[in-house]
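Have a look at model_15.txt below; it lists compact mmCIF, N, CA and C atoms.
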```txt
# COMPACT_ATOMS: atom_id res chain seq x y z
N MET A 1 7.88 -3.90 7.24
CA MET A 1 7.37 -2.59 7.61
C MET A 1 8.15 -1.49 6.87
N ILE A 2 9.45 -1.66 6.77
CA ILE A 2 10.27 -0.69 6.05
C ILE A 2 9.94 -0.74 4.55
N VAL A 3 9.74 -1.95 4.05
CA VAL A 3 9.39 -2.10 2.65
C VAL A 3 8.03 -1.45 2.37
N LEU A 4 7.07 -1.64 3.26
CA LEU A 4 5.77 -0.99 3.09
C LEU A 4 5.89 0.53 3.12
N GLY A 5 6.75 1.04 3.99
CA GLY A 5 6.95 2.49 4.05
C GLY A 5 7.57 3.03 2.77
N LEU A 6 8.57 2.32 2.25
CA LEU A 6 9.18 2.76 0.99
C LEU A 6 8.22 2.63 -0.18
N LEU A 7 7.43 1.57 -0.17
CA LEU A 7 6.43 1.39 -1.21
C LEU A 7 5.38 2.50 -1.16
N PHE A 8 5.03 2.93 0.06
CA PHE A 8 4.09 4.05 0.19
C PHE A 8 4.67 5.31 -0.44
N LEU A 9 5.93 5.60 -0.16
CA LEU A 9 6.55 6.82 -0.70
C LEU A 9 6.57 6.81 -2.23
N VAL A 10 6.93 5.68 -2.81
CA VAL A 10 6.99 5.58 -4.27
C VAL A 10 5.59 5.71 -4.86
N GLN A 11 4.64 4.96 -4.30
CA GLN A 11 3.30 4.98 -4.86
C GLN A 11 2.62 6.33 -4.65
N PHE A 12 2.85 6.96 -3.53
CA PHE A 12 2.29 8.28 -3.28
C PHE A 12 2.87 9.31 -4.25
N GLY A 13 4.17 9.24 -4.50
CA GLY A 13 4.80 10.17 -5.44
C GLY A 13 4.30 9.98 -6.86
N VAL A 14 4.16 8.73 -7.29
CA VAL A 14 3.68 8.47 -8.65
C VAL A 14 2.23 8.91 -8.81
N SER A 15 1.39 8.62 -7.83
CA SER A 15 -0.02 9.01 -7.95
C SER A 15 -0.19 10.52 -7.89
N CYS A 16 0.59 11.21 -7.09
CA CYS A 16 0.51 12.67 -7.07
C CYS A 16 0.99 13.27 -8.38
N SER A 17 2.02 12.68 -8.98
CA SER A 17 2.49 13.20 -10.26
C SER A 17 1.47 12.91 -11.37
N CYS A 18 0.75 11.80 -11.28
CA CYS A 18 -0.32 11.53 -12.26
C CYS A 18 -1.41 12.58 -12.15
N LEU A 19 -1.77 12.95 -10.94
CA LEU A 19 -2.83 13.94 -10.75
C LEU A 19 -2.35 15.35 -11.07
N ALA A 20 -1.05 15.61 -10.98
CA ALA A 20 -0.53 16.95 -11.20
C ALA A 20 -0.18 17.24 -12.65
N LEU A 21 -0.19 16.23 -13.50
CA LEU A 21 0.18 16.41 -14.91
C LEU A 21 -0.97 17.12 -15.63
N ASP A 22 -0.76 18.39 -15.97
CA ASP A 22 -1.83 19.17 -16.61
C ASP A 22 -1.81 19.01 -18.12
N ARG A 23 -2.77 19.62 -18.78
CA ARG A 23 -2.96 19.44 -20.22
C ARG A 23 -1.76 19.99 -21.02
N GLY A 24 -1.20 21.11 -20.61
CA GLY A 24 -0.07 21.70 -21.31
C GLY A 24 1.15 20.79 -21.30
N ARG A 25 1.41 20.17 -20.17
CA ARG A 25 2.56 19.26 -20.08
C ARG A 25 2.32 17.99 -20.88
N GLN A 26 1.08 17.53 -20.90
CA GLN A 26 0.77 16.35 -21.71
C GLN A 26 0.96 16.65 -23.20
N GLU A 27 0.53 17.83 -23.63
CA GLU A 27 0.73 18.23 -25.03
C GLU A 27 2.21 18.27 -25.38
N GLY A 28 3.00 18.84 -24.48
CA GLY A 28 4.45 18.88 -24.70
C GLY A 28 5.06 17.49 -24.75
N LEU A 29 4.57 16.61 -23.91
CA LEU A 29 5.06 15.23 -23.90
C LEU A 29 4.74 14.52 -25.21
N PHE A 30 3.50 14.67 -25.69
CA PHE A 30 3.12 14.03 -26.95
C PHE A 30 3.88 14.64 -28.13
N ALA A 31 4.04 15.96 -28.12
CA ALA A 31 4.75 16.61 -29.23
C ALA A 31 6.22 16.20 -29.27
N SER A 32 6.82 16.01 -28.11
CA SER A 32 8.23 15.60 -28.11
C SER A 32 8.40 14.11 -28.38
N ALA A 33 7.39 13.30 -28.09
CA ALA A 33 7.50 11.86 -28.31
C ALA A 33 7.13 11.47 -29.73
N TRP A 34 6.32 12.27 -30.43
CA TRP A 34 5.86 11.91 -31.77
C TRP A 34 7.00 11.72 -32.77
N PRO A 35 7.99 12.62 -32.83
CA PRO A 35 9.09 12.40 -33.79
C PRO A 35 9.96 11.19 -33.47
N ILE A 36 9.95 10.75 -32.23
CA ILE A 36 10.77 9.61 -31.82
C ILE A 36 10.13 8.29 -32.23
N LEU A 37 8.81 8.28 -32.39
CA LEU A 37 8.10 7.05 -32.75
C LEU A 37 8.53 6.55 -34.13
N SER A 38 8.51 5.25 -34.28
CA SER A 38 8.83 4.69 -35.59
C SER A 38 7.65 4.93 -36.54
N ASN A 39 7.92 4.85 -37.83
CA ASN A 39 6.85 5.06 -38.82
C ASN A 39 5.73 4.05 -38.67
N GLU A 40 6.07 2.80 -38.35
CA GLU A 40 5.04 1.78 -38.20
C GLU A 40 4.11 2.11 -37.03
N THR A 41 4.69 2.59 -35.93
CA THR A 41 3.88 2.94 -34.76
C THR A 41 2.97 4.12 -35.08
N ARG A 42 3.50 5.13 -35.75
CA ARG A 42 2.67 6.28 -36.14
C ARG A 42 1.54 5.85 -37.05
N TRP A 43 1.84 5.02 -38.05
CA TRP A 43 0.81 4.58 -38.99
C TRP A 43 -0.27 3.79 -38.26
N GLU A 44 0.15 2.95 -37.33
CA GLU A 44 -0.82 2.14 -36.59
C GLU A 44 -1.73 3.02 -35.73
N LEU A 45 -1.13 4.01 -35.07
CA LEU A 45 -1.94 4.95 -34.28
C LEU A 45 -2.91 5.73 -35.15
N GLU A 46 -2.42 6.24 -36.27
CA GLU A 46 -3.27 7.03 -37.16
C GLU A 46 -4.38 6.19 -37.78
N ARG A 47 -4.07 4.97 -38.12
CA ARG A 47 -5.08 4.10 -38.73
C ARG A 47 -6.12 3.67 -37.69
N ARG A 48 -5.66 3.29 -36.52
CA ARG A 48 -6.57 2.78 -35.49
C ARG A 48 -7.46 3.87 -34.91
N TRP A 49 -6.91 5.07 -34.71
CA TRP A 49 -7.68 6.15 -34.07
C TRP A 49 -8.26 7.13 -35.08
N ASP A 50 -8.05 6.90 -36.37
CA ASP A 50 -8.59 7.74 -37.44
C ASP A 50 -8.20 9.21 -37.25
N CYS A 51 -6.89 9.47 -37.23
CA CYS A 51 -6.37 10.81 -37.03
C CYS A 51 -5.08 10.96 -37.83
N CYS A 52 -4.63 12.20 -38.00
CA CYS A 52 -3.39 12.46 -38.75
C CYS A 52 -2.50 13.42 -37.99
N GLY A 53 -1.24 13.05 -37.81
CA GLY A 53 -0.28 13.93 -37.16
C GLY A 53 -0.53 14.06 -35.67
N VAL A 54 0.29 14.91 -35.05
CA VAL A 54 0.10 15.12 -33.61
C VAL A 54 -1.00 16.13 -33.37
N HIS A 55 -0.80 17.34 -33.87
CA HIS A 55 -1.80 18.39 -33.65
C HIS A 55 -2.55 18.74 -34.92
N ASN A 56 -2.00 18.41 -36.07
CA ASN A 56 -2.63 18.64 -37.38
C ASN A 56 -3.01 20.10 -37.56
N ARG A 57 -2.09 20.98 -37.23
CA ARG A 57 -2.31 22.41 -37.44
C ARG A 57 -1.86 22.77 -38.85
N THR A 58 -2.10 24.00 -39.24
CA THR A 58 -1.73 24.41 -40.59
C THR A 58 -0.22 24.45 -40.77
N ALA A 59 0.52 24.57 -39.68
CA ALA A 59 1.98 24.59 -39.77
C ALA A 59 2.57 23.19 -39.90
N ALA A 60 1.71 22.17 -39.83
CA ALA A 60 2.21 20.80 -39.93
C ALA A 60 2.72 20.54 -41.34
N PRO A 61 3.76 19.75 -41.47
CA PRO A 61 4.28 19.44 -42.80
C PRO A 61 3.23 18.73 -43.64
N LEU A 62 3.13 19.13 -44.89
CA LEU A 62 2.14 18.56 -45.79
C LEU A 62 2.46 17.10 -46.11
N ALA A 63 3.74 16.77 -46.10
CA ALA A 63 4.13 15.38 -46.39
C ALA A 63 3.60 14.44 -45.32
N GLU A 64 3.51 14.93 -44.08
CA GLU A 64 2.99 14.10 -43.00
C GLU A 64 1.52 13.77 -43.22
N LEU A 65 0.77 14.74 -43.75
CA LEU A 65 -0.65 14.49 -44.02
C LEU A 65 -0.84 13.57 -45.22
N HIS A 66 0.02 13.66 -46.22
CA HIS A 66 -0.12 12.80 -47.39
C HIS A 66 0.21 11.35 -47.06
N ALA A 67 1.06 11.13 -46.08
CA ALA A 67 1.45 9.77 -45.72
C ALA A 67 0.50 9.15 -44.70
N CYS A 68 -0.51 9.87 -44.28
CA CYS A 68 -1.42 9.41 -43.24
C CYS A 68 -2.38 8.35 -43.79
N PRO A 69 -2.49 7.18 -43.13
CA PRO A 69 -3.37 6.11 -43.61
C PRO A 69 -4.78 6.18 -43.04
N ALA A 70 -5.12 7.25 -42.32
CA ALA A 70 -6.43 7.32 -41.67
C ALA A 70 -7.56 7.45 -42.68
N ARG A 71 -8.71 6.96 -42.29
CA ARG A 71 -9.89 7.01 -43.15
C ARG A 71 -10.38 8.45 -43.33
N CYS A 72 -10.20 9.30 -42.32
CA CYS A 72 -10.68 10.68 -42.42
C CYS A 72 -9.90 11.46 -43.48
N ARG A 73 -8.66 11.10 -43.74
CA ARG A 73 -7.86 11.81 -44.75
C ARG A 73 -8.41 11.56 -46.15
N THR A 74 -8.95 10.39 -46.38
CA THR A 74 -9.50 10.10 -47.71
C THR A 74 -10.77 10.91 -47.95
N LEU A 75 -11.46 11.32 -46.89
CA LEU A 75 -12.67 12.13 -47.04
C LEU A 75 -12.36 13.60 -47.29
N LEU A 76 -11.13 14.03 -47.01
CA LEU A 76 -10.79 15.45 -47.15
C LEU A 76 -10.96 15.95 -48.58
N GLY A 77 -10.64 15.13 -49.56
CA GLY A 77 -10.74 15.56 -50.95
C GLY A 77 -12.18 15.56 -51.46
N ARG A 78 -13.03 14.72 -50.88
CA ARG A 78 -14.40 14.60 -51.37
C ARG A 78 -15.38 15.54 -50.69
N ASP A 79 -15.25 15.69 -49.40
CA ASP A 79 -16.21 16.49 -48.63
C ASP A 79 -15.51 17.76 -48.12
N PRO A 80 -15.99 18.97 -48.49
CA PRO A 80 -15.32 20.20 -48.04
C PRO A 80 -15.47 20.43 -46.53
N ARG A 81 -16.47 19.82 -45.92
CA ARG A 81 -16.67 19.99 -44.48
C ARG A 81 -15.91 18.95 -43.66
N ALA A 82 -15.29 18.02 -44.33
CA ALA A 82 -14.58 16.95 -43.63
C ALA A 82 -13.39 17.52 -42.86
N ARG A 83 -13.12 16.91 -41.75
CA ARG A 83 -12.04 17.37 -40.88
C ARG A 83 -11.31 16.14 -40.36
N CYS A 84 -10.02 16.19 -40.40
CA CYS A 84 -9.21 15.08 -39.90
C CYS A 84 -8.48 15.57 -38.64
N PRO A 85 -8.92 15.15 -37.46
CA PRO A 85 -8.30 15.66 -36.23
C PRO A 85 -6.90 15.10 -36.03
N GLY A 86 -6.15 15.80 -35.22
CA GLY A 86 -4.81 15.33 -34.88
C GLY A 86 -4.87 14.24 -33.82
N CYS A 87 -3.88 13.38 -33.82
CA CYS A 87 -3.86 12.30 -32.83
C CYS A 87 -3.61 12.83 -31.42
N GLY A 88 -2.97 13.99 -31.33
CA GLY A 88 -2.72 14.57 -30.02
C GLY A 88 -4.00 14.87 -29.27
N GLU A 89 -5.03 15.35 -29.97
CA GLU A 89 -6.31 15.65 -29.33
C GLU A 89 -6.94 14.38 -28.76
N LYS A 90 -6.92 13.32 -29.53
CA LYS A 90 -7.52 12.07 -29.07
C LYS A 90 -6.71 11.45 -27.95
N LEU A 91 -5.38 11.51 -28.06
CA LEU A 91 -4.54 10.99 -26.98
C LEU A 91 -4.73 11.77 -25.69
N LEU A 92 -4.90 13.09 -25.81
CA LEU A 92 -5.11 13.91 -24.62
C LEU A 92 -6.41 13.56 -23.91
N GLN A 93 -7.46 13.32 -24.67
CA GLN A 93 -8.74 12.96 -24.06
C GLN A 93 -8.61 11.67 -23.25
N HIS A 94 -7.98 10.69 -23.83
CA HIS A 94 -7.83 9.40 -23.14
C HIS A 94 -6.83 9.48 -21.99
N SER A 95 -5.75 10.21 -22.19
CA SER A 95 -4.72 10.25 -21.14
C SER A 95 -5.18 11.04 -19.93
N GLU A 96 -5.95 12.11 -20.12
CA GLU A 96 -6.45 12.86 -18.97
C GLU A 96 -7.33 12.00 -18.09
N GLN A 97 -8.22 11.27 -18.71
CA GLN A 97 -9.11 10.40 -17.95
C GLN A 97 -8.33 9.29 -17.26
N ALA A 98 -7.40 8.68 -17.97
CA ALA A 98 -6.62 7.58 -17.40
C ALA A 98 -5.74 8.06 -16.25
N LEU A 99 -5.13 9.24 -16.39
CA LEU A 99 -4.26 9.75 -15.33
C LEU A 99 -5.05 10.09 -14.07
N LYS A 100 -6.26 10.61 -14.22
CA LYS A 100 -7.09 10.90 -13.05
C LYS A 100 -7.49 9.61 -12.33
N ILE A 101 -7.88 8.61 -13.10
CA ILE A 101 -8.27 7.35 -12.48
C ILE A 101 -7.08 6.69 -11.80
N LEU A 102 -5.96 6.61 -12.50
CA LEU A 102 -4.77 5.98 -11.93
C LEU A 102 -4.25 6.72 -10.70
N GLY A 103 -4.29 8.05 -10.75
CA GLY A 103 -3.85 8.83 -9.59
C GLY A 103 -4.74 8.61 -8.39
N GLY A 104 -6.05 8.57 -8.60
CA GLY A 104 -6.98 8.34 -7.49
C GLY A 104 -6.83 6.96 -6.89
N VAL A 105 -6.72 5.96 -7.74
CA VAL A 105 -6.55 4.59 -7.25
C VAL A 105 -5.21 4.45 -6.52
N GLY A 106 -4.18 5.07 -7.06
CA GLY A 106 -2.87 5.02 -6.41
C GLY A 106 -2.88 5.68 -5.04
N LEU A 107 -3.57 6.81 -4.92
CA LEU A 107 -3.67 7.46 -3.61
C LEU A 107 -4.43 6.59 -2.62
N PHE A 108 -5.51 5.98 -3.06
CA PHE A 108 -6.28 5.11 -2.18
C PHE A 108 -5.41 3.98 -1.64
N PHE A 109 -4.69 3.30 -2.53
CA PHE A 109 -3.89 2.18 -2.07
C PHE A 109 -2.65 2.61 -1.31
N SER A 110 -2.13 3.80 -1.57
CA SER A 110 -0.98 4.25 -0.79
C SER A 110 -1.39 4.53 0.65
N PHE A 111 -2.60 5.04 0.85
CA PHE A 111 -3.03 5.28 2.24
C PHE A 111 -3.43 3.99 2.93
N THR A 112 -3.87 2.98 2.20
CA THR A 112 -4.09 1.69 2.86
C THR A 112 -2.76 1.06 3.25
N GLU A 113 -1.70 1.36 2.52
CA GLU A 113 -0.38 0.88 2.92
C GLU A 113 0.09 1.55 4.20
N ILE A 114 -0.24 2.81 4.37
CA ILE A 114 0.09 3.49 5.64
C ILE A 114 -0.66 2.84 6.79
N LEU A 115 -1.91 2.45 6.55
CA LEU A 115 -2.66 1.72 7.56
C LEU A 115 -1.96 0.40 7.89
N GLY A 116 -1.42 -0.28 6.88
CA GLY A 116 -0.66 -1.51 7.10
C GLY A 116 0.60 -1.28 7.92
N VAL A 117 1.28 -0.19 7.67
CA VAL A 117 2.48 0.14 8.46
C VAL A 117 2.10 0.39 9.91
N TRP A 118 1.02 1.13 10.12
CA TRP A 118 0.58 1.42 11.48
C TRP A 118 0.18 0.13 12.21
N LEU A 119 -0.56 -0.74 11.53
CA LEU A 119 -0.97 -2.00 12.15
C LEU A 119 0.24 -2.88 12.46
N ALA A 120 1.22 -2.90 11.58
CA ALA A 120 2.42 -3.69 11.82
C ALA A 120 3.19 -3.16 13.03
N MET A 121 3.29 -1.85 13.15
CA MET A 121 3.99 -1.27 14.30
C MET A 121 3.21 -1.51 15.59
N ARG A 122 1.92 -1.47 15.52
CA ARG A 122 1.06 -1.60 16.71
C ARG A 122 1.06 -3.02 17.25
N TYR A 123 0.99 -4.00 16.38
CA TYR A 123 0.78 -5.37 16.83
C TYR A 123 1.98 -6.30 16.64
N ARG A 124 3.14 -5.79 16.32
CA ARG A 124 4.26 -6.69 16.02
C ARG A 124 4.88 -7.33 17.25
N ASN A 125 4.81 -6.74 18.42
CA ASN A 125 5.47 -7.28 19.60
C ASN A 125 4.51 -7.96 20.57
N GLN A 126 3.37 -8.37 20.11
CA GLN A 126 2.43 -9.03 21.00
C GLN A 126 2.79 -10.50 21.15
N LYS A 127 2.56 -11.00 22.35
CA LYS A 127 2.83 -12.41 22.61
C LYS A 127 1.63 -13.24 22.20
N ASP A 128 1.91 -14.48 21.87
CA ASP A 128 0.86 -15.42 21.52
C ASP A 128 0.18 -15.86 22.82
N PRO A 129 -1.13 -15.70 22.97
CA PRO A 129 -1.80 -16.07 24.22
C PRO A 129 -1.79 -17.58 24.47
N ARG A 130 -1.59 -18.40 23.45
CA ARG A 130 -1.56 -19.85 23.62
C ARG A 130 -0.18 -20.35 24.03
N ALA A 131 0.82 -19.49 23.94
CA ALA A 131 2.18 -19.91 24.23
C ALA A 131 2.39 -20.04 25.74
N ASN A 132 3.50 -20.67 26.12
CA ASN A 132 3.86 -20.84 27.50
C ASN A 132 4.21 -19.48 28.11
N PRO A 133 3.51 -19.03 29.16
CA PRO A 133 3.77 -17.70 29.72
C PRO A 133 5.15 -17.55 30.36
N SER A 134 5.75 -18.65 30.76
CA SER A 134 7.07 -18.53 31.40
C SER A 134 8.20 -18.51 30.37
N ALA A 135 7.89 -18.79 29.11
CA ALA A 135 8.92 -18.79 28.07
C ALA A 135 9.25 -17.35 27.69
N PHE A 136 10.51 -17.14 27.32
CA PHE A 136 10.94 -15.81 26.92
C PHE A 136 10.46 -15.54 25.50
N LEU A 137 9.66 -14.51 25.34
CA LEU A 137 9.02 -14.14 24.08
C LEU A 137 8.36 -15.35 23.53
```

Let me see the file written as structure tokens.
Amino acid sequence: MIVLGLLFLVQFGVSCSCLALDRGRQEGLFASAWPILSNETRWELERRWDCCGVHNRTAAPLAELHACPARCRTLLGRDPRARCPGCGEKLLQHSEQALKILGGVGLFFSFTEILGVWLAMRYRNQKDPRANPSAFL
């Protein structure tokens, strides 16, 4: 029962923080995590999601765009209307949806854990009706 109560507190806190993480904080998180990533991880993300850099703004270093393996970067020289989005935009789209789903599911299961705590407290001291009535507990 104590373990269920502690598990409720942890799960409730995590699910509330998932739901409370807004777009600005997610952008800050991605921008601060991007320089920490290894080059192989960045290349894999850029190649798989067809994007370059975190935000790909005009202030982005040009060397970062030249090293980008994405397919959209190869179109930049050929097509004047071509656009290579930043990986931050694509990550934000997926992370917002995932955080909402995870937060909702976490809240649902945290409240079912509270139901489990209540049921454990309610029915834990009941005697077995098949047991000997003269026996202690």

Gap from atom N of Phe12 (chain A) to atom N of Gln126 (chain A) - Å, one decimal
28.2 Å

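Taking CA of Pro133 (chain A) and CA of Met121 (chain A) as the two end points, the separation is 22.5 Å.
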
Pick out the closest residue to Leu7 (chain A) from this set: A:Ala31, A:Cys68, A:Thr112, A:Leu102. Count only C-alpha atoms.
A:Thr112

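The two atoms in question, atom N of Arg122 (chain A) and atom N of Ser110 (chain A), are spaced 18.3 Å apart.
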
Just want the 8 Å neighbourhood of Glu89 (chain A), counted on all atoms listed in the file, with same-chain residues fewer than 5 positions away dropped. Output as a VMD selection string.
chain A and resid 53 to 56 94 to 95

Mind dumping region 3-19 of chain A from that block, keeping N, CA, C and O atoms, as a PDB file, in the first residue's frame?
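For reference, part_28.pdb as written:
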```
ATOM      1  N   VAL A   3       3.953   1.357  -1.097  1.00  0.00           N
ATOM      2  CA  VAL A   3       4.622   1.370  -2.394  1.00  0.00           C
ATOM      3  C   VAL A   3       3.679   1.922  -3.468  1.00  0.00           C
ATOM      4  O   VAL A   3       4.097   2.715  -4.311  1.00  0.00           O
ATOM      5  N   LEU A   4       2.418   1.522  -3.433  1.00  0.00           N
ATOM      6  CA  LEU A   4       1.441   2.055  -4.388  1.00  0.00           C
ATOM      7  C   LEU A   4       1.273   3.560  -4.224  1.00  0.00           C
ATOM      8  O   LEU A   4       1.145   4.300  -5.201  1.00  0.00           O
ATOM      9  N   GLY A   5       1.272   4.023  -2.984  1.00  0.00           N
ATOM     10  CA  GLY A   5       1.144   5.467  -2.742  1.00  0.00           C
ATOM     11  C   GLY A   5       2.342   6.239  -3.273  1.00  0.00           C
ATOM     12  O   GLY A   5       2.186   7.297  -3.894  1.00  0.00           O
ATOM     13  N   LEU A   6       3.543   5.709  -3.041  1.00  0.00           N
ATOM     14  CA  LEU A   6       4.740   6.370  -3.567  1.00  0.00           C
ATOM     15  C   LEU A   6       4.791   6.315  -5.083  1.00  0.00           C
ATOM     16  O   LEU A   6       5.182   7.290  -5.745  1.00  0.00           O
ATOM     17  N   LEU A   7       4.372   5.191  -5.643  1.00  0.00           N
ATOM     18  CA  LEU A   7       4.324   5.065  -7.092  1.00  0.00           C
ATOM     19  C   LEU A   7       3.324   6.055  -7.694  1.00  0.00           C
ATOM     20  O   LEU A   7       3.569   6.643  -8.747  1.00  0.00           O
ATOM     21  N   PHE A   8       2.203   6.275  -6.992  1.00  0.00           N
ATOM     22  CA  PHE A   8       1.234   7.272  -7.455  1.00  0.00           C
ATOM     23  C   PHE A   8       1.868   8.657  -7.492  1.00  0.00           C
ATOM     24  O   PHE A   8       1.698   9.393  -8.465  1.00  0.00           O
ATOM     25  N   LEU A   9       2.584   9.020  -6.446  1.00  0.00           N
ATOM     26  CA  LEU A   9       3.191  10.354  -6.396  1.00  0.00           C
ATOM     27  C   LEU A   9       4.191  10.562  -7.531  1.00  0.00           C
ATOM     28  O   LEU A   9       4.188  11.602  -8.190  1.00  0.00           O
ATOM     29  N   VAL A  10       5.023   9.562  -7.776  1.00  0.00           N
ATOM     30  CA  VAL A  10       6.021   9.678  -8.845  1.00  0.00           C
ATOM     31  C   VAL A  10       5.335   9.752 -10.207  1.00  0.00           C
ATOM     32  O   VAL A  10       5.638  10.621 -11.031  1.00  0.00           O
ATOM     33  N   GLN A  11       4.390   8.847 -10.438  1.00  0.00           N
ATOM     34  CA  GLN A  11       3.735   8.812 -11.742  1.00  0.00           C
ATOM     35  C   GLN A  11       2.874  10.055 -11.969  1.00  0.00           C
ATOM     36  O   GLN A  11       2.821  10.578 -13.078  1.00  0.00           O
ATOM     37  N   PHE A  12       2.221  10.543 -10.948  1.00  0.00           N
ATOM     38  CA  PHE A  12       1.425  11.753 -11.071  1.00  0.00           C
ATOM     39  C   PHE A  12       2.318  12.954 -11.380  1.00  0.00           C
ATOM     40  O   PHE A  12       1.993  13.783 -12.238  1.00  0.00           O
ATOM     41  N   GLY A  13       3.466  13.052 -10.711  1.00  0.00           N
ATOM     42  CA  GLY A  13       4.388  14.150 -10.971  1.00  0.00           C
ATOM     43  C   GLY A  13       4.956  14.123 -12.377  1.00  0.00           C
ATOM     44  O   GLY A  13       5.039  15.155 -13.054  1.00  0.00           O
ATOM     45  N   VAL A  14       5.336  12.937 -12.842  1.00  0.00           N
ATOM     46  CA  VAL A  14       5.891  12.823 -14.191  1.00  0.00           C
ATOM     47  C   VAL A  14       4.835  13.140 -15.243  1.00  0.00           C
ATOM     48  O   VAL A  14       5.101  13.849 -16.218  1.00  0.00           O
ATOM     49  N   SER A  15       3.623  12.640 -15.071  1.00  0.00           N
ATOM     50  CA  SER A  15       2.585  12.899 -16.070  1.00  0.00           C
ATOM     51  C   SER A  15       2.169  14.367 -16.071  1.00  0.00           C
ATOM     52  O   SER A  15       1.922  14.933 -17.147  1.00  0.00           O
ATOM     53  N   CYS A  16       2.130  15.006 -14.925  1.00  0.00           N
ATOM     54  CA  CYS A  16       1.817  16.443 -14.899  1.00  0.00           C
ATOM     55  C   CYS A  16       2.925  17.257 -15.552  1.00  0.00           C
ATOM     56  O   CYS A  16       2.654  18.235 -16.257  1.00  0.00           O
ATOM     57  N   SER A  17       4.171  16.857 -15.346  1.00  0.00           N
ATOM     58  CA  SER A  17       5.262  17.593 -15.985  1.00  0.00           C
ATOM     59  C   SER A  17       5.263  17.368 -17.498  1.00  0.00           C
ATOM     60  O   SER A  17       5.627  18.265 -18.253  1.00  0.00           O
ATOM     61  N   CYS A  18       4.848  16.194 -17.954  1.00  0.00           N
ATOM     62  CA  CYS A  18       4.723  15.964 -19.403  1.00  0.00           C
ATOM     63  C   CYS A  18       3.659  16.878 -19.994  1.00  0.00           C
ATOM     64  O   CYS A  18       3.834  17.432 -21.083  1.00  0.00           O
ATOM     65  N   LEU A  19       2.552  17.038 -19.300  1.00  0.00           N
ATOM     66  CA  LEU A  19       1.478  17.890 -19.806  1.00  0.00           C
ATOM     67  C   LEU A  19       1.810  19.367 -19.679  1.00  0.00           C
ATOM     68  O   LEU A  19       1.296  20.191 -20.434  1.00  0.00           O
TER      69      LEU A  19
END
```
